[in-house]
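J.: What follows is a structure written as structure tokens; I'll ask about it next.
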Amino acid sequence: MTLEISDLLLKEIIDVGIQHCPNEFGGFLIGFYSEDSKQLNITDIILPKKYKATPYLFERDTIGVNERLRRFFKGEPKKYYVGEWHTHPQNSPIPSSTDYNAMVAISNHKNVAIKNPLLLIVGYQNKLVELGFYVMFKNKLCRYEKI
Ligand SMILES: [Zn+2]
């Protein structure tokens, strides 16, 4: 499966992350699959209304998110929740054990329709932005390579 995300949306994610530095920040990834299911297009993000954040922790709440997901689902094309994103201020975009456990919980969650949720981590180190895209596959987080 390939991933497609616009530079504009990436810029929005990176900028909103910078605004919350030195704390972590994040949200939900929204998108749709191509007809042959070989490509996942990430098109939108939802920012959490409520969250807990420190420089080393980010926990989002799902208050109000279902309502917004329903609106995406009614659109054309139908879009839905495809994963999570969060920042690592002053760190590389490598998932922590907390990140891994959170993704395992999401992929096993009965209300989550997708079996292979995505994780995008935005790392900010010495003014350098590095992106890490991962997909949960058979209880492992596999990193995507950029092409
Ligand atoms: Zn993390």
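Identifiers for the structure tokens are assigned positionally: chains receive A, B, ... in sequence, residues are indexed from 1 per chain, and ligands are indexed from 1 in the order shown.
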Excluding Val122 of chain A and any residue of its chain fewer than 2 positions from it, enumerate the residues within 7 Å of it, using only C-alpha atoms, and give them as a compact mmCIF listing (two decimals) with all heavy atoms, in the first residue's frame.
T.:
# COMPACT_ATOMS: atom_id res chain seq x y z
N HIS A 86 1.35 12.77 15.78
CA HIS A 86 1.78 13.64 16.89
C HIS A 86 3.23 14.04 16.69
O HIS A 86 3.93 13.50 15.84
CB HIS A 86 1.52 12.99 18.25
CG HIS A 86 2.41 11.83 18.57
ND1 HIS A 86 2.10 10.54 18.23
CD2 HIS A 86 3.61 11.75 19.20
CE1 HIS A 86 3.06 9.72 18.64
NE2 HIS A 86 3.99 10.43 19.23
N THR A 87 3.63 15.02 17.49
CA THR A 87 4.97 15.58 17.31
C THR A 87 5.93 15.05 18.38
O THR A 87 5.51 14.61 19.45
CB THR A 87 4.94 17.12 17.43
OG1 THR A 87 4.46 17.47 18.74
CG2 THR A 87 4.02 17.72 16.38
N HIS A 88 7.20 15.10 18.06
CA HIS A 88 8.28 14.83 19.01
C HIS A 88 9.19 16.06 19.01
O HIS A 88 10.13 16.12 18.23
CB HIS A 88 9.08 13.59 18.60
CG HIS A 88 8.45 12.29 18.96
ND1 HIS A 88 9.01 11.07 18.64
CD2 HIS A 88 7.30 12.02 19.63
CE1 HIS A 88 8.23 10.10 19.10
NE2 HIS A 88 7.18 10.65 19.69
N PRO A 93 11.69 11.15 14.91
CA PRO A 93 10.34 10.60 14.77
C PRO A 93 10.30 9.08 14.92
O PRO A 93 9.77 8.38 14.06
CB PRO A 93 9.94 11.05 13.36
CG PRO A 93 11.23 11.10 12.62
CD PRO A 93 12.27 11.51 13.60
N LEU A 120 1.80 8.89 12.11
CA LEU A 120 2.75 9.87 11.59
C LEU A 120 3.37 10.58 12.78
O LEU A 120 2.66 11.12 13.63
CB LEU A 120 2.05 10.89 10.68
CG LEU A 120 2.81 12.19 10.39
CD1 LEU A 120 4.13 11.93 9.67
CD2 LEU A 120 1.96 13.16 9.59
N TYR A 124 11.19 17.23 15.48
CA TYR A 124 11.85 18.53 15.29
C TYR A 124 13.17 18.48 16.03
O TYR A 124 13.19 18.40 17.25
CB TYR A 124 11.02 19.67 15.88
CG TYR A 124 9.60 19.77 15.36
CD1 TYR A 124 8.59 19.01 15.93
CD2 TYR A 124 9.28 20.65 14.33
CE1 TYR A 124 7.29 19.11 15.46
CE2 TYR A 124 7.98 20.76 13.88
CZ TYR A 124 6.99 20.00 14.44
OH TYR A 124 5.70 20.10 14.00
N VAL A 129 13.10 19.33 10.40
CA VAL A 129 11.86 18.56 10.54
C VAL A 129 12.03 17.22 9.85
O VAL A 129 12.44 17.15 8.71
CB VAL A 129 10.67 19.32 9.92
CG1 VAL A 129 9.41 18.49 9.99
CG2 VAL A 129 10.45 20.65 10.63
N GLU A 130 11.75 16.15 10.59
CA GLU A 130 11.83 14.83 9.98
C GLU A 130 10.50 14.10 10.19
O GLU A 130 9.94 14.13 11.29
CB GLU A 130 12.97 14.01 10.61
CG GLU A 130 13.34 12.79 9.79
CD GLU A 130 14.22 11.79 10.55
OE1 GLU A 130 14.90 12.20 11.52
OE2 GLU A 130 14.19 10.62 10.18
N LEU A 131 9.99 13.50 9.13
CA LEU A 131 8.71 12.81 9.21
C LEU A 131 8.91 11.31 9.29
O LEU A 131 9.75 10.76 8.60
CB LEU A 131 7.86 13.12 7.97
CG LEU A 131 7.57 14.59 7.70
CD1 LEU A 131 6.93 14.74 6.33
CD2 LEU A 131 6.68 15.17 8.79
N GLY A 132 8.14 10.67 10.14
CA GLY A 132 8.15 9.20 10.20
C GLY A 132 6.74 8.70 10.00
O GLY A 132 5.86 8.96 10.83
J.: Kindly provide, as a PyMOL selection string, all nucleotide and amino acid residues lying within 10 Å of ligand 1, counting only C-alpha atoms and all ligand atoms.
T.: chain A and resi 24-26+56-59+85-89+91-100+102+119-123
J.: Limited to N, CA and C atoms, could you put the picked residues into a file as a PDB file, in the first residue's frame?
T.:
ATOM      1  N   GLU A  24       4.418  18.327  23.119  1.00  0.00           N
ATOM      2  CA  GLU A  24       3.960  17.491  22.008  1.00  0.00           C
ATOM      3  C   GLU A  24       2.550  17.929  21.632  1.00  0.00           C
ATOM      4  N   PHE A  25       2.168  17.637  20.418  1.00  0.00           N
ATOM      5  CA  PHE A  25       0.801  17.886  19.983  1.00  0.00           C
ATOM      6  C   PHE A  25       0.465  16.875  18.894  1.00  0.00           C
ATOM      7  N   GLY A  26      -0.813  16.720  18.623  1.00  0.00           N
ATOM      8  CA  GLY A  26      -1.179  15.752  17.594  1.00  0.00           C
ATOM      9  C   GLY A  26      -2.653  15.760  17.301  1.00  0.00           C
ATOM     10  N   TYR A  56       7.088  15.447  26.611  1.00  0.00           N
ATOM     11  CA  TYR A  56       7.330  14.030  26.343  1.00  0.00           C
ATOM     12  C   TYR A  56       6.059  13.203  26.316  1.00  0.00           C
ATOM     13  N   LEU A  57       4.933  13.865  26.281  1.00  0.00           N
ATOM     14  CA  LEU A  57       3.683  13.113  26.318  1.00  0.00           C
ATOM     15  C   LEU A  57       2.596  13.830  25.554  1.00  0.00           C
ATOM     16  N   PHE A  58       1.791  13.048  24.892  1.00  0.00           N
ATOM     17  CA  PHE A  58       0.605  13.611  24.266  1.00  0.00           C
ATOM     18  C   PHE A  58      -0.536  12.599  24.347  1.00  0.00           C
ATOM     19  N   GLU A  59      -1.639  13.024  24.958  1.00  0.00           N
ATOM     20  CA  GLU A  59      -2.824  12.165  25.020  1.00  0.00           C
ATOM     21  C   GLU A  59      -4.003  12.963  24.517  1.00  0.00           C
ATOM     22  N   TRP A  85      -1.537  11.187  14.394  1.00  0.00           N
ATOM     23  CA  TRP A  85      -0.260  11.884  14.211  1.00  0.00           C
ATOM     24  C   TRP A  85       0.077  12.633  15.482  1.00  0.00           C
ATOM     25  N   HIS A  86       1.348  12.773  15.785  1.00  0.00           N
ATOM     26  CA  HIS A  86       1.776  13.639  16.886  1.00  0.00           C
ATOM     27  C   HIS A  86       3.229  14.042  16.689  1.00  0.00           C
ATOM     28  N   THR A  87       3.626  15.021  17.488  1.00  0.00           N
ATOM     29  CA  THR A  87       4.971  15.577  17.315  1.00  0.00           C
ATOM     30  C   THR A  87       5.926  15.049  18.384  1.00  0.00           C
ATOM     31  N   HIS A  88       7.196  15.098  18.061  1.00  0.00           N
ATOM     32  CA  HIS A  88       8.278  14.831  19.013  1.00  0.00           C
ATOM     33  C   HIS A  88       9.189  16.055  19.007  1.00  0.00           C
ATOM     34  N   PRO A  89       8.894  17.039  19.875  1.00  0.00           N
ATOM     35  CA  PRO A  89       9.767  18.224  19.912  1.00  0.00           C
ATOM     36  C   PRO A  89      11.160  17.824  20.414  1.00  0.00           C
ATOM     37  N   ASN A  91      13.261  15.816  19.200  1.00  0.00           N
ATOM     38  CA  ASN A  91      13.502  14.378  19.154  1.00  0.00           C
ATOM     39  C   ASN A  91      13.264  13.841  17.751  1.00  0.00           C
ATOM     40  N   SER A  92      13.760  12.625  17.518  1.00  0.00           N
ATOM     41  CA  SER A  92      13.575  12.016  16.202  1.00  0.00           C
ATOM     42  C   SER A  92      12.187  11.367  16.125  1.00  0.00           C
ATOM     43  N   PRO A  93      11.690  11.154  14.914  1.00  0.00           N
ATOM     44  CA  PRO A  93      10.338  10.602  14.765  1.00  0.00           C
ATOM     45  C   PRO A  93      10.297   9.083  14.920  1.00  0.00           C
ATOM     46  N   ILE A  94      10.870   8.596  15.991  1.00  0.00           N
ATOM     47  CA  ILE A  94      10.884   7.158  16.264  1.00  0.00           C
ATOM     48  C   ILE A  94       9.829   6.879  17.336  1.00  0.00           C
ATOM     49  N   PRO A  95       8.941   5.900  17.107  1.00  0.00           N
ATOM     50  CA  PRO A  95       7.879   5.643  18.091  1.00  0.00           C
ATOM     51  C   PRO A  95       8.445   5.185  19.439  1.00  0.00           C
ATOM     52  N   SER A  96       7.918   5.739  20.520  1.00  0.00           N
ATOM     53  CA  SER A  96       8.287   5.284  21.857  1.00  0.00           C
ATOM     54  C   SER A  96       7.481   4.033  22.176  1.00  0.00           C
ATOM     55  N   SER A  97       7.768   3.394  23.293  1.00  0.00           N
ATOM     56  CA  SER A  97       6.982   2.209  23.658  1.00  0.00           C
ATOM     57  C   SER A  97       5.542   2.604  23.958  1.00  0.00           C
ATOM     58  N   THR A  98       5.345   3.821  24.486  1.00  0.00           N
ATOM     59  CA  THR A  98       3.984   4.325  24.697  1.00  0.00           C
ATOM     60  C   THR A  98       3.255   4.461  23.364  1.00  0.00           C
ATOM     61  N   ASP A  99       3.963   4.993  22.359  1.00  0.00           N
ATOM     62  CA  ASP A  99       3.367   5.136  21.028  1.00  0.00           C
ATOM     63  C   ASP A  99       2.958   3.774  20.483  1.00  0.00           C
ATOM     64  N   TYR A 100       3.867   2.816  20.620  1.00  0.00           N
ATOM     65  CA  TYR A 100       3.598   1.474  20.118  1.00  0.00           C
ATOM     66  C   TYR A 100       2.362   0.885  20.803  1.00  0.00           C
ATOM     67  N   ALA A 102      -0.071   2.397  22.267  1.00  0.00           N
ATOM     68  CA  ALA A 102      -1.282   3.121  21.867  1.00  0.00           C
ATOM     69  C   ALA A 102      -1.776   2.604  20.516  1.00  0.00           C
ATOM     70  N   LEU A 119       0.521   5.772  11.701  1.00  0.00           N
ATOM     71  CA  LEU A 119       1.061   6.677  12.706  1.00  0.00           C
ATOM     72  C   LEU A 119       2.041   7.600  11.999  1.00  0.00           C
ATOM     73  N   LEU A 120       1.800   8.890  12.113  1.00  0.00           N
ATOM     74  CA  LEU A 120       2.749   9.871  11.590  1.00  0.00           C
ATOM     75  C   LEU A 120       3.368  10.585  12.778  1.00  0.00           C
ATOM     76  N   ILE A 121       4.693  10.564  12.849  1.00  0.00           N
ATOM     77  CA  ILE A 121       5.399  11.311  13.889  1.00  0.00           C
ATOM     78  C   ILE A 121       6.219  12.399  13.216  1.00  0.00           C
ATOM     79  N   VAL A 122       6.076  13.615  13.730  1.00  0.00           N
ATOM     80  CA  VAL A 122       6.861  14.731  13.208  1.00  0.00           C
ATOM     81  C   VAL A 122       7.939  15.050  14.234  1.00  0.00           C
ATOM     82  N   GLY A 123       9.176  14.834  13.848  1.00  0.00           N
ATOM     83  CA  GLY A 123      10.287  15.111  14.750  1.00  0.00           C
ATOM     84  C   GLY A 123      10.921  16.453  14.432  1.00  0.00           C
TER      85      GLY A 123
END
J.: Out of A:Tyr134, A:Ser34, A:Arg68, A:Pro77, which residue has the shortest atom-to-atom distance to Lys146 of chain A when counting only C-alpha atoms?
T.: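 Of A:Tyr134, A:Ser34, A:Arg68, A:Pro77, the one nearest Lys146 of chain A, counting only C-alpha atoms, is A:Tyr134.
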J.: Taking the DSSP assignment computed from this structure's backbone, write out as a tab-separated table (two decimals) with C-alpha atoms, in the first residue's frame all residues of segment 17-146 of chain A that belong to strand (DSSP E or B).
T.:
chain	number	residue	atom	x	y	z
A	26	GLY	CA	-1.18	15.75	17.59
A	27	GLY	CA	-4.49	14.67	16.19
A	28	PHE	CA	-6.32	12.32	13.87
A	29	LEU	CA	-5.56	11.49	10.24
A	30	ILE	CA	-8.48	11.36	7.80
A	31	GLY	CA	-8.43	9.92	4.31
A	32	PHE	CA	-9.71	7.41	1.80
A	33	TYR	CA	-8.41	4.38	-0.07
A	39	GLN	CA	-3.22	3.65	-2.23
A	40	LEU	CA	-4.21	5.53	0.88
A	41	ASN	CA	-4.82	9.23	0.40
A	42	ILE	CA	-4.48	11.28	3.57
A	43	THR	CA	-6.56	14.39	2.97
A	44	ASP	CA	-7.49	15.99	6.29
A	45	ILE	CA	-6.68	16.17	9.97
A	46	ILE	CA	-8.88	16.60	13.01
A	51	TYR	CA	-5.81	16.88	25.24
A	52	LYS	CA	-3.00	16.49	27.72
A	53	ALA	CA	0.47	17.48	26.57
A	54	THR	CA	3.99	17.86	27.93
A	57	LEU	CA	3.68	13.11	26.32
A	58	PHE	CA	0.60	13.61	24.27
A	59	GLU	CA	-2.82	12.16	25.02
A	60	ARG	CA	-5.79	13.18	22.96
A	80	TYR	CA	-12.70	8.09	7.42
A	81	TYR	CA	-10.28	7.85	10.29
A	82	VAL	CA	-7.04	6.25	9.08
A	83	GLY	CA	-4.68	6.89	11.97
A	84	GLU	CA	-2.91	9.22	14.35
A	85	TRP	CA	-0.26	11.88	14.21
A	86	HIS	CA	1.78	13.64	16.89
A	87	THR	CA	4.97	15.58	17.31
A	88	HIS	CA	8.28	14.83	19.01
A	89	PRO	CA	9.77	18.22	19.91
A	118	LEU	CA	-1.22	4.76	10.41
A	119	LEU	CA	1.06	6.68	12.71
A	120	LEU	CA	2.75	9.87	11.59
A	121	ILE	CA	5.40	11.31	13.89
A	122	VAL	CA	6.86	14.73	13.21
A	123	GLY	CA	10.29	15.11	14.75
A	124	TYR	CA	11.85	18.53	15.29
A	125	GLN	CA	15.57	18.49	15.94
A	128	LEU	CA	15.21	20.22	11.17
A	129	VAL	CA	11.86	18.56	10.54
A	130	GLU	CA	11.83	14.83	9.98
A	131	LEU	CA	8.71	12.81	9.21
A	132	GLY	CA	8.15	9.20	10.20
A	133	PHE	CA	5.21	7.40	8.61
A	134	TYR	CA	4.36	4.01	10.09
A	135	VAL	CA	1.65	1.46	9.54
A	136	MET	CA	0.55	-1.09	12.09
A	137	PHE	CA	0.90	-4.51	10.52
A	140	LYS	CA	4.43	-4.30	14.29
A	141	LEU	CA	4.97	-0.70	13.33
A	142	CYS	CA	6.55	-0.70	9.87
A	143	ARG	CA	8.09	2.51	8.65
J.: Residues near Lys138 of chain A, anyone? I mean within 10 Å using only C-alpha atoms, not counting same-chain ones fewer than 6 positions away, as a PyMOL selection string.
T.: chain A and resi 104+107+115-116
